[in-house]
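Pasted below: entry.csv, CSV, C-alpha atoms.
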chain,number,residue,atom,x,y,z
R,256,MET,CA,80.5,36.0,175.0
R,257,LYS,CA,84.2,35.5,174.2
R,258,LYS,CA,83.3,32.4,172.2
R,259,ALA,CA,80.8,34.3,170.1
R,260,TRP,CA,83.3,37.1,169.5
R,261,ASP,CA,86.0,34.7,168.4
R,262,PHE,CA,83.6,33.1,165.9
R,263,SER,CA,82.7,36.4,164.4
R,264,VAL,CA,86.4,37.4,164.0
R,265,LYS,CA,87.3,34.1,162.4
R,266,SER,CA,84.2,34.2,160.1
R,267,LEU,CA,85.1,37.8,159.0
R,268,ALA,CA,88.7,36.8,158.3
R,269,VAL,CA,87.8,33.8,156.2
R,270,ALA,CA,85.1,35.7,154.4
R,271,ALA,CA,87.6,38.4,153.4
R,272,VAL,CA,90.0,35.8,152.2
R,273,LEU,CA,87.4,34.0,150.1
R,274,GLY,CA,86.0,37.1,148.7
R,275,THR,CA,82.6,36.4,150.2
R,276,ALA,CA,80.4,38.9,152.1
R,277,LEU,CA,79.0,38.9,155.6
R,278,SER,CA,75.8,40.8,156.4
R,279,PHE,CA,75.9,43.5,159.2
R,280,GLY,CA,73.2,45.7,160.6
R,281,ALA,CA,73.0,49.3,159.5
R,282,ALA,CA,75.7,51.5,160.8
R,283,PRO,CA,75.6,55.3,161.2
R,284,VAL,CA,77.5,57.4,158.6
R,285,PRO,CA,80.6,58.8,160.3
R,286,GLN,CA,81.3,62.6,160.3
R,287,ALA,CA,84.3,63.8,158.2
R,288,SER,CA,86.4,64.5,161.3
R,289,ALA,CA,85.6,61.0,162.6
R,290,SER,CA,86.6,59.5,159.2
R,291,ILE,CA,90.0,61.2,159.5
R,292,GLY,CA,90.5,60.1,163.0
R,293,GLY,CA,89.4,56.6,162.1
R,294,ALA,CA,91.9,56.4,159.2
R,295,VAL,CA,94.7,57.4,161.6
R,296,LEU,CA,93.5,54.9,164.2
R,297,GLY,CA,93.3,52.3,161.5
R,298,ALA,CA,96.8,52.9,160.3
R,299,VAL,CA,98.1,52.6,163.8
R,300,GLN,CA,96.1,49.4,164.4
R,301,GLY,CA,97.3,48.1,161.0
R,302,GLY,CA,100.9,48.5,161.9
R,303,VAL,CA,100.5,46.7,165.2
R,304,VAL,CA,98.5,43.9,163.6
R,305,TYR,CA,100.8,43.4,160.7
R,306,ALA,CA,103.6,43.0,163.2
R,307,GLN,CA,101.5,40.3,164.8
R,308,ILE,CA,101.0,38.7,161.5
R,309,ASP,CA,104.7,38.4,161.0
R,310,LYS,CA,105.1,37.1,164.5
R,311,GLU,CA,102.5,34.3,163.9
R,312,LEU,CA,104.0,33.4,160.6
R,313,LYS,CA,107.4,33.0,162.2
R,314,TYR,CA,105.8,30.8,164.9
R,315,TYR,CA,104.2,28.4,162.4
R,316,ASN,CA,107.1,28.5,159.9
R,317,ASN,CA,110.1,28.4,162.2
R,318,THR,CA,109.3,26.8,165.6
R,319,GLU,CA,108.8,23.1,166.2
R,320,GLU,CA,105.7,23.8,168.3
R,321,GLY,CA,104.1,25.8,165.4
R,322,ARG,CA,105.1,23.2,162.8
R,323,GLN,CA,103.6,20.4,164.9
R,324,LYS,CA,100.4,22.4,165.4
R,325,LEU,CA,100.0,22.8,161.7
R,326,LEU,CA,100.7,19.1,161.1
R,327,ALA,CA,98.1,18.1,163.6
R,328,GLN,CA,95.5,20.5,162.0
R,329,TYR,CA,96.1,19.1,158.5
R,330,LYS,CA,95.8,15.5,159.8
R,331,LYS,CA,92.5,16.4,161.5
R,332,LYS,CA,91.2,18.1,158.3
R,333,LEU,CA,92.3,15.6,155.7
R,334,GLY,CA,92.6,12.3,157.5
R,335,VAL,CA,95.6,10.0,157.6
R,336,ASN,CA,96.3,7.0,155.3
R,337,GLU,CA,98.1,4.4,157.5
R,338,ASP,CA,99.0,2.1,154.6
R,339,ALA,CA,102.3,0.4,155.8
R,340,PHE,CA,103.9,0.0,152.4
R,341,LEU,CA,103.1,3.6,151.2
R,342,ASN,CA,104.3,5.1,154.4
R,343,GLY,CA,107.5,3.0,154.4
R,344,GLN,CA,108.2,4.0,150.8
R,345,LEU,CA,107.5,7.7,151.5
R,346,GLU,CA,109.9,7.6,154.5
R,347,ASP,CA,112.7,6.1,152.3
R,348,MET,CA,112.0,8.6,149.5
R,349,MET,CA,112.0,11.6,151.9
R,350,ALA,CA,115.5,10.5,153.1
R,351,GLU,CA,116.7,10.3,149.5
R,352,MET,CA,115.1,13.6,148.4
R,353,THR,CA,116.5,15.4,151.5
R,354,ARG,CA,119.9,14.1,150.5
R,355,GLY,CA,119.5,15.6,147.1
R,356,ILE,CA,118.3,19.0,148.4
R,357,ARG,CA,121.1,19.1,151.0
R,358,ALA,CA,123.7,18.9,148.2
R,359,VAL,CA,122.2,22.2,146.9
R,360,ASP,CA,120.8,23.9,150.0
R,361,PRO,CA,122.2,22.7,153.3
R,362,SER,CA,119.6,24.8,155.2
R,363,ILE,CA,117.2,21.9,154.9
R,364,ASP,CA,118.8,20.4,158.0
R,365,LYS,CA,117.8,23.3,160.1
R,366,LYS,CA,114.1,22.6,159.4
R,367,PRO,CA,113.5,18.9,158.3
R,368,TYR,CA,110.2,18.2,156.6
R,369,VAL,CA,107.4,16.7,158.5
R,370,TYR,CA,104.9,14.8,156.4
R,371,PHE,CA,102.0,12.3,156.1
R,372,ILE,CA,99.8,10.7,153.5
R,373,ASN,CA,96.2,12.0,153.6
R,374,ASN,CA,93.0,10.5,152.4
R,375,GLU,CA,92.2,12.9,149.5
R,376,THR,CA,91.6,11.0,146.2
R,377,SER,CA,92.7,13.7,143.8
R,378,PHE,CA,96.2,13.7,142.3
R,379,ASN,CA,98.1,16.2,144.3
R,380,ALA,CA,100.5,16.9,147.2
R,381,PHE,CA,101.3,20.1,149.1
R,382,CYS,CA,103.9,21.8,151.2
R,383,SER,CA,102.6,24.4,153.7
R,384,MET,CA,104.5,26.7,156.1
R,385,GLY,CA,107.1,25.1,158.4
R,386,HIS,CA,108.0,22.4,155.8
R,387,VAL,CA,104.8,20.6,156.6
R,388,MET,CA,104.0,18.3,153.7
R,389,SER,CA,101.2,15.9,152.8
R,390,VAL,CA,100.8,13.5,149.9
R,391,ASN,CA,97.3,12.8,148.6
R,392,THR,CA,96.4,9.1,148.4
R,393,GLY,CA,95.2,9.9,144.9
R,394,LEU,CA,98.7,10.5,143.7
R,395,TYR,CA,99.4,6.8,144.0
R,396,SER,CA,96.5,5.9,141.8
R,397,MET,CA,98.0,8.1,139.1
R,398,THR,CA,101.6,6.7,139.3
R,399,THR,CA,103.4,4.1,141.4
R,400,VAL,CA,106.8,4.9,139.9
R,401,PRO,CA,109.0,6.3,142.7
R,402,ASP,CA,111.0,8.5,140.2
R,403,GLU,CA,107.8,10.3,139.1
R,404,ILE,CA,106.4,10.6,142.6
R,405,ALA,CA,109.8,12.2,143.6
R,406,VAL,CA,109.2,14.8,140.8
R,407,VAL,CA,105.9,15.9,142.4
R,408,LEU,CA,107.3,16.0,145.9
R,409,LEU,CA,110.5,17.8,145.0
R,410,HIS,CA,108.4,20.4,143.3
R,411,GLU,CA,106.6,20.9,146.6
R,412,MET,CA,109.8,20.9,148.5
R,413,GLY,CA,111.1,23.6,146.2
R,414,HIS,CA,108.2,25.8,147.3
R,415,GLY,CA,109.1,24.9,150.9
R,416,GLN,CA,112.8,25.8,150.5
R,417,LYS,CA,111.9,29.2,149.1
R,418,ASP,CA,109.0,30.0,151.5
R,419,HIS,CA,106.6,30.5,148.7
R,420,VAL,CA,103.5,29.6,150.8
R,421,VAL,CA,104.6,31.9,153.7
R,422,LYS,CA,104.5,34.8,151.3
R,423,SER,CA,101.1,33.8,149.9
R,424,VAL,CA,99.6,33.4,153.4
R,425,ARG,CA,100.9,36.7,154.4
R,426,LYS,CA,99.1,38.4,151.5
R,427,LYS,CA,95.9,36.6,152.4
R,428,ALA,CA,96.3,37.4,156.1
R,429,GLY,CA,96.6,41.1,155.1
R,430,VAL,CA,93.2,41.0,153.5
R,431,ALA,CA,91.7,39.4,156.5
R,432,VAL,CA,93.4,41.8,158.9
R,433,GLY,CA,92.1,44.7,156.9
R,434,ALA,CA,88.6,43.4,157.4
R,435,MET,CA,89.3,43.0,161.1
R,436,ILE,CA,90.5,46.6,161.5
R,437,LEU,CA,87.5,47.9,159.7
R,438,SER,CA,85.2,46.0,162.1
R,439,GLY,CA,87.3,46.9,165.2
R,440,ALA,CA,87.8,43.2,165.8
R,441,ALA,CA,91.6,42.9,165.5
R,442,GLY,CA,93.8,41.5,168.2
R,443,SER,CA,94.0,37.9,169.4
R,444,GLY,CA,91.9,36.8,166.4
R,445,VAL,CA,94.9,37.2,164.1
R,446,ALA,CA,96.6,34.0,165.2
R,447,ASP,CA,93.4,32.0,164.6
R,448,ALA,CA,92.8,33.6,161.3
R,449,ILE,CA,96.4,32.8,160.0
R,450,LEU,CA,96.0,29.1,161.1
R,451,ASP,CA,92.6,29.0,159.4
R,452,ILE,CA,94.0,30.4,156.2
R,453,ALA,CA,96.9,28.0,156.2
R,454,VAL,CA,94.9,24.9,156.8
R,455,ASN,CA,91.7,25.6,154.9
R,456,GLN,CA,93.1,27.3,151.8
R,457,ILE,CA,95.9,24.9,150.9
R,458,ASP,CA,94.3,24.2,147.5
R,459,ASN,CA,94.2,27.9,146.7
R,460,VAL,CA,97.4,29.4,148.0
R,461,GLN,CA,97.9,31.6,144.9
R,462,ILE,CA,101.4,30.6,144.1
R,463,THR,CA,102.6,32.9,141.3
R,464,LYS,CA,103.7,31.6,137.9
R,465,PRO,CA,107.3,32.7,138.5
R,466,ASN,CA,107.3,30.7,141.7
R,467,GLU,CA,105.8,27.7,139.9
R,468,TRP,CA,108.6,27.8,137.4
R,469,GLU,CA,111.2,28.1,140.2
R,470,ALA,CA,109.8,25.1,142.0
R,471,ASP,CA,109.7,23.1,138.7
R,472,ASN,CA,113.3,23.9,138.0
R,473,LEU,CA,114.4,23.3,141.5
R,474,ALA,CA,112.8,19.8,141.4
R,475,LEU,CA,115.2,18.8,138.5
R,476,THR,CA,118.1,20.5,140.2
R,477,TYR,CA,117.5,18.5,143.4
R,478,LEU,CA,116.7,15.3,141.4
R,479,LEU,CA,120.1,15.4,139.8
R,480,HIS,CA,121.6,14.8,143.2
R,481,THR,CA,119.6,11.7,143.9
R,482,GLY,CA,119.4,8.2,142.5
R,483,TYR,CA,116.2,9.0,140.6
R,484,ASN,CA,116.1,9.2,136.8
R,485,PRO,CA,116.2,12.9,135.7
R,486,GLY,CA,114.0,12.0,132.7
R,487,ALA,CA,111.2,11.4,135.2
R,488,THR,CA,110.6,15.2,135.3
R,489,ALA,CA,109.3,15.3,131.7
R,490,ALA,CA,107.9,11.8,131.9
R,491,MET,CA,105.7,12.8,134.9
R,492,TRP,CA,104.1,15.6,132.9
R,493,GLN,CA,103.7,13.4,129.9
R,494,ARG,CA,101.7,11.0,132.0
R,495,VAL,CA,99.6,13.9,133.4
R,496,LEU,CA,98.8,15.1,129.8
R,497,GLU,CA,97.7,11.6,128.9
R,498,LYS,CA,95.7,11.0,132.1
R,499,MET,CA,94.0,14.4,132.1
R,500,LYS,CA,92.1,13.5,128.9
R,501,SER,CA,90.3,10.6,130.6
R,502,ARG,CA,90.3,11.7,134.3
R,503,PRO,CA,90.1,15.5,134.5
R,504,LYS,CA,88.2,15.5,137.8
R,505,ASP,CA,91.3,13.9,139.5
R,506,PHE,CA,93.4,16.9,138.8
R,507,VAL,CA,92.7,19.7,141.3
R,508,GLY,CA,94.7,21.8,143.7
R,509,GLU,CA,97.7,24.1,143.7
R,510,ILE,CA,99.8,22.6,140.9
R,511,PHE,CA,96.9,22.3,138.5
R,512,SER,CA,95.6,25.9,138.2
R,513,PRO,CA,95.5,26.7,134.5
R,514,SER,CA,94.6,30.4,134.9
R,515,ASP,CA,97.9,31.4,136.5
R,516,HIS,CA,100.2,28.4,136.2
R,517,PRO,CA,102.3,27.1,133.4
R,518,THR,CA,100.5,24.6,131.2
R,519,GLU,CA,101.2,20.9,131.3
R,520,GLU,CA,102.8,21.0,127.9
R,521,GLN,CA,105.0,23.9,128.9
R,522,ARG,CA,106.2,22.1,132.0
R,523,ARG,CA,107.0,18.9,130.1
R,524,ASP,CA,108.8,20.8,127.3
R,525,ASN,CA,110.7,22.9,129.8
R,526,TYR,CA,112.1,19.8,131.5
R,527,ALA,CA,112.8,18.2,128.1
R,528,GLN,CA,114.8,21.2,127.0
R,529,ARG,CA,116.8,21.3,130.2
R,530,LEU,CA,117.6,17.6,129.8
R,531,THR,CA,118.8,18.3,126.3
R,532,ASP,CA,121.0,21.1,127.6
R,533,LEU,CA,122.4,18.8,130.3
R,534,SER,CA,123.5,16.4,127.6
R,535,GLY,CA,125.3,19.1,125.8
R,536,GLY,CA,122.6,19.2,123.2
R,537,ASN,CA,123.1,15.5,122.2
R,538,VAL,CA,119.9,13.9,123.4
R,539,THR,CA,116.4,15.0,122.3
R,540,VAL,CA,112.9,13.5,122.3
R,541,ALA,CA,110.2,14.3,119.7
R,542,LYS,CA,106.9,12.5,119.4
R,543,GLY,CA,108.0,9.6,121.5
R,544,VAL,CA,111.3,9.1,119.6
R,545,VAL,CA,114.7,9.4,121.3
R,546,TYR,CA,117.4,11.0,119.2
R,547,VAL,CA,121.1,10.9,119.9
R,548,SER,CA,123.3,13.5,118.1
R,549,GLY,CA,120.4,14.2,115.8
R,550,LYS,CA,119.9,10.6,114.7
R,551,LYS,CA,117.0,8.4,115.6
R,552,PHE,CA,118.0,5.9,118.3
R,553,VAL,CA,114.8,4.3,119.6
R,554,GLN,CA,111.0,4.7,119.8
R,555,PRO,CA,110.1,2.8,123.0
R,556,ALA,CA,107.0,0.7,123.0
R,557,ALA,CA,104.2,1.1,125.4
R,558,THR,CA,104.1,-1.2,128.5
R,559,GLY,CA,101.3,-2.1,130.8
R,560,GLU,CA,102.1,0.9,133.0
R,561,MET,CA,103.7,3.4,130.7
R,562,SER,CA,103.0,4.8,127.2
R,563,GLY,CA,105.8,4.9,124.7
R,564,PRO,CA,106.3,8.7,124.9
R,565,GLU,CA,106.5,8.4,128.7
R,566,ARG,CA,109.2,5.7,128.5
R,567,ALA,CA,111.1,7.8,125.9
R,568,TYR,CA,111.7,10.4,128.6
R,569,PHE,CA,113.1,7.8,130.9
R,570,VAL,CA,115.5,6.6,128.2
R,571,MET,CA,116.4,10.3,127.6
R,572,GLY,CA,117.2,10.6,131.3
R,573,ASN,CA,119.5,7.6,131.3
R,574,LEU,CA,121.3,9.0,128.3
R,575,VAL,CA,121.6,12.4,129.9
R,576,ALA,CA,123.1,10.7,133.0
R,577,ALA,CA,125.6,8.9,130.7
R,578,PHE,CA,126.7,12.2,129.1
R,579,ARG,CA,127.0,13.9,132.5
R,580,THR,CA,129.2,11.2,134.0
R,581,GLY,CA,131.3,10.5,130.9
R,582,GLN,CA,129.9,7.0,130.3
R,583,ASN,CA,128.9,8.1,126.8
R,584,ALA,CA,132.5,7.7,125.8
R,585,GLN,CA,132.2,3.9,126.5
R,586,ASP,CA,130.9,1.3,124.1
R,587,ALA,CA,127.3,0.4,124.2
R,588,TYR,CA,126.5,-3.3,124.9
R,589,ALA,CA,123.6,-5.5,125.8
R,590,ASN,CA,123.4,-7.4,129.0
R,591,GLY,CA,120.3,-9.6,128.9
R,592,HIS,CA,117.4,-7.3,128.0
R,593,THR,CA,119.2,-4.1,129.0
R,594,VAL,CA,121.3,-1.8,126.8
R,595,LEU,CA,124.1,0.0,128.7
R,596,LEU,CA,126.7,2.6,128.0
R,597,GLY,CA,129.7,1.7,130.2
R,598,ASN,CA,127.9,1.1,133.6
R,599,GLN,CA,125.0,3.3,132.8
R,600,PRO,CA,121.7,1.5,131.9
R,601,VAL,CA,120.0,3.1,128.9
R,602,ILE,CA,116.9,1.0,128.2
R,603,ALA,CA,115.5,-2.2,129.6
R,604,CYS,CA,113.8,-3.7,126.5
R,605,THR,CA,110.4,-5.2,126.7
R,606,ASP,CA,108.1,-6.8,124.2
R,607,GLY,CA,107.6,-4.4,121.3
R,608,ASP,CA,111.1,-2.9,121.6
R,609,PRO,CA,113.9,-3.6,119.2
R,610,ASP,CA,116.4,-6.4,120.1
R,611,PRO,CA,118.8,-5.1,122.8
R,612,GLN,CA,121.9,-6.2,120.8
R,613,GLU,CA,120.6,-4.3,117.7
R,614,LEU,CA,120.0,-1.2,119.8
R,615,ALA,CA,123.5,-1.4,121.3
R,616,SER,CA,125.1,-1.7,117.8
R,617,LEU,CA,123.0,1.2,116.5
R,618,LEU,CA,124.0,3.4,119.4
R,619,ASN,CA,127.7,2.6,118.7
R,620,ARG,CA,127.2,3.5,115.1
R,621,ILE,CA,125.6,6.8,116.0
R,622,LYS,CA,128.4,7.6,118.5
R,623,SER,CA,131.0,7.0,115.9
R,624,SER,CA,129.3,9.1,113.2
R,625,LYS,CA,129.3,12.9,112.7
R,626,PRO,CA,126.5,14.6,114.7
R,627,VAL,CA,123.6,16.0,112.8
R,628,VAL,CA,123.4,19.8,113.5
R,629,THR,CA,119.9,21.1,113.0
R,630,PRO,CA,119.3,24.8,112.2
R,631,ALA,CA,118.0,25.4,115.7
R,632,ARG,CA,121.1,23.7,117.2
R,633,GLU,CA,123.3,25.7,114.8
R,634,LEU,CA,121.8,28.9,116.0
R,635,LYS,CA,122.2,27.9,119.6
R,636,LEU,CA,125.9,27.0,119.0
R,637,GLN,CA,126.5,30.4,117.4
R,638,LYS,CA,124.9,32.2,120.3
R,639,GLN,CA,127.1,30.2,122.8
R,640,ALA,CA,130.1,31.2,120.7
R,641,GLY,CA,129.1,34.8,120.8
R,642,LYS,CA,128.7,35.2,117.1
What is this file in structure tokens?
Amino acid sequence: MKKAWDFSVKSLAVAAVLGTALSFGAAPVPQASASIGGAVLGAVQGGVVYAQIDKELKYYNNTEEGRQKLLAQYKKKLGVNEDAFLNGQLEDMMAEMTRGIRAVDPSIDKKPYVYFINNETSFNAFCSMGHVMSVNTGLYSMTTVPDEIAVVLLHEMGHGQKDHVVKSVRKKAGVAVGAMILSGAAGSGVADAILDIAVNQIDNVQITKPNEWEADNLALTYLLHTGYNPGATAAMWQRVLEKMKSRPKDFVGEIFSPSDHPTEEQRRDNYAQRLTDLSGGNVTVAKGVVYVSGKKFVQPAATGEMSGPERAYFVMGNLVAAFRTGQNAQDAYANGHTVLLGNQPVIACTDGDPDPQELASLLNRIKSSKPVVTPARELKLQKQAGK
């Protein structure tokens, strides 16, 4: 009997969350006085059950036992990819990304991330409650560049650091609990309902657009404290834009929800603008061309793995790093196929790119000339000066 009751509670909770309906037998219409009494009773029950919701959320989000239970459930649901290379790479990357987050938010050491690679073939990753993370195998079919993979994962870790998923699950649990109260089936079923919501609704957690922007911006903030190229932020979304045209079915899940999320173009352009700002307004990219101080520097050629516009953002990231560390004051020079500013690599030239020595000479000429101030740049400078 208990098993059947548990099933009905769980089904009711999930149905409420999904917006589906369950069929019940005809119930008598309550009298007015009974309705008032029921409302009071429901309010009391609601207060008790909402307290239980918070208790269960804290269990899964803050205790090691709860975190491990969530991890086990996700592994059971999604399967585990045991590929030795990918798992070794992910372990190294998590250490580097944790280092980057720690520089901004030391609280990460109180709740280290637990993670695994799942067998899903779509391009995605997720971070649930308790800093439980998983990477879809499909992500690696979209990009094998660690810098770009780091952008996706640091976005998810931004959600984790700000407890965005906890807040979303609490809202959904409230809907389920409301249905339980109406049916008189609240109580021990709340814990199962919350676990079910967390595990089965990870691709529809209803993260808000402001939270998406926050996670995007945190990804770049964290990335700046790692050894990854900051230009990978815009480059990743450039790649997504190009791949979505030919492989739209591969893009599903929380970070690809066009109805309530920023568009791919908006995300790319947001990162590009932030990179320009980090360079003091000196480095920009437009239509695959990299500009320094308003003058054309290079239009990278496509390679076997990257398009020219995608490579342009990596060059942009290298130049941004040079401006942030002061290496832009050094002379540019060529070392083999690589152009450098001081000790900062700028571009590793491949077939189709200009000669490295020619690029180094061009960069030195640009650096020694007067910057070009566009109308938009002039307006921004005036605003910064308070005019």
Could you give me, as a tab-separated table, a per-residue list for region 454-571 of chain R showing, wherever an atom lies at most 10 Å from an atom of region 613-622 of chain R, the closest pair of atoms and their distance in Å to one decimal, using all atoms listed in the file and sorting by chain then residue number from low to high?
residue	atom	partner	partner_atom	distance
R:Tyr546	CA	R:Ile621	CA	9.8
R:Val547	CA	R:Ile621	CA	7.2
R:Ser548	CA	R:Ile621	CA	7.4
R:Gly549	CA	R:Ile621	CA	9.0
R:Lys550	CA	R:Ile621	CA	7.0
R:Lys551	CA	R:Ile621	CA	8.8
R:Phe552	CA	R:Leu618	CA	6.6
R:Val553	CA	R:Leu614	CA	7.6
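CA of Thr398 (chain R) to CA of Met491 (chain R) spans 8.6 Å [interatomic distance, one decimal].
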request  = Pick out the closest residue to Val406 (chain R) from this set: R:Pro555, R:Gly486, R:Pro517, R:Gly321. Count all atoms listed in the file.
outcome  = R:Gly486
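Comparing R:Thr481, R:Met349, R:His516, R:Tyr370 by their smallest distance to Pro465 (chain R), the closest is R:His516 (using all atoms listed in the file).
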message = As an exercise, work out the distance from CA of Lys324 (chain R) to CA of Ala380 (chain R) in Å and give it to one decimal place.
response = 19.0 Å
request  = Fewer than 4 positions away in the same chain doesn't count, so skip those; otherwise give me all residues within 12 Å of Asn537 (chain R), counting all atoms listed in the file, as a PyMOL selection string.
outcome  = chain R and resi 528-533+545-552+571-572+574-579+583+621-622+625-629+632
Distance criterion (only C-alpha atoms): nearest to Leu450 (chain R) out of R:Thr488, R:Gln328, R:Asn525, R:Thr318 = R:Gln328
remark   = Taken to one decimal, the CA of Pro600 (chain R)-CA of Asn573 (chain R) distance is 6.5 Å
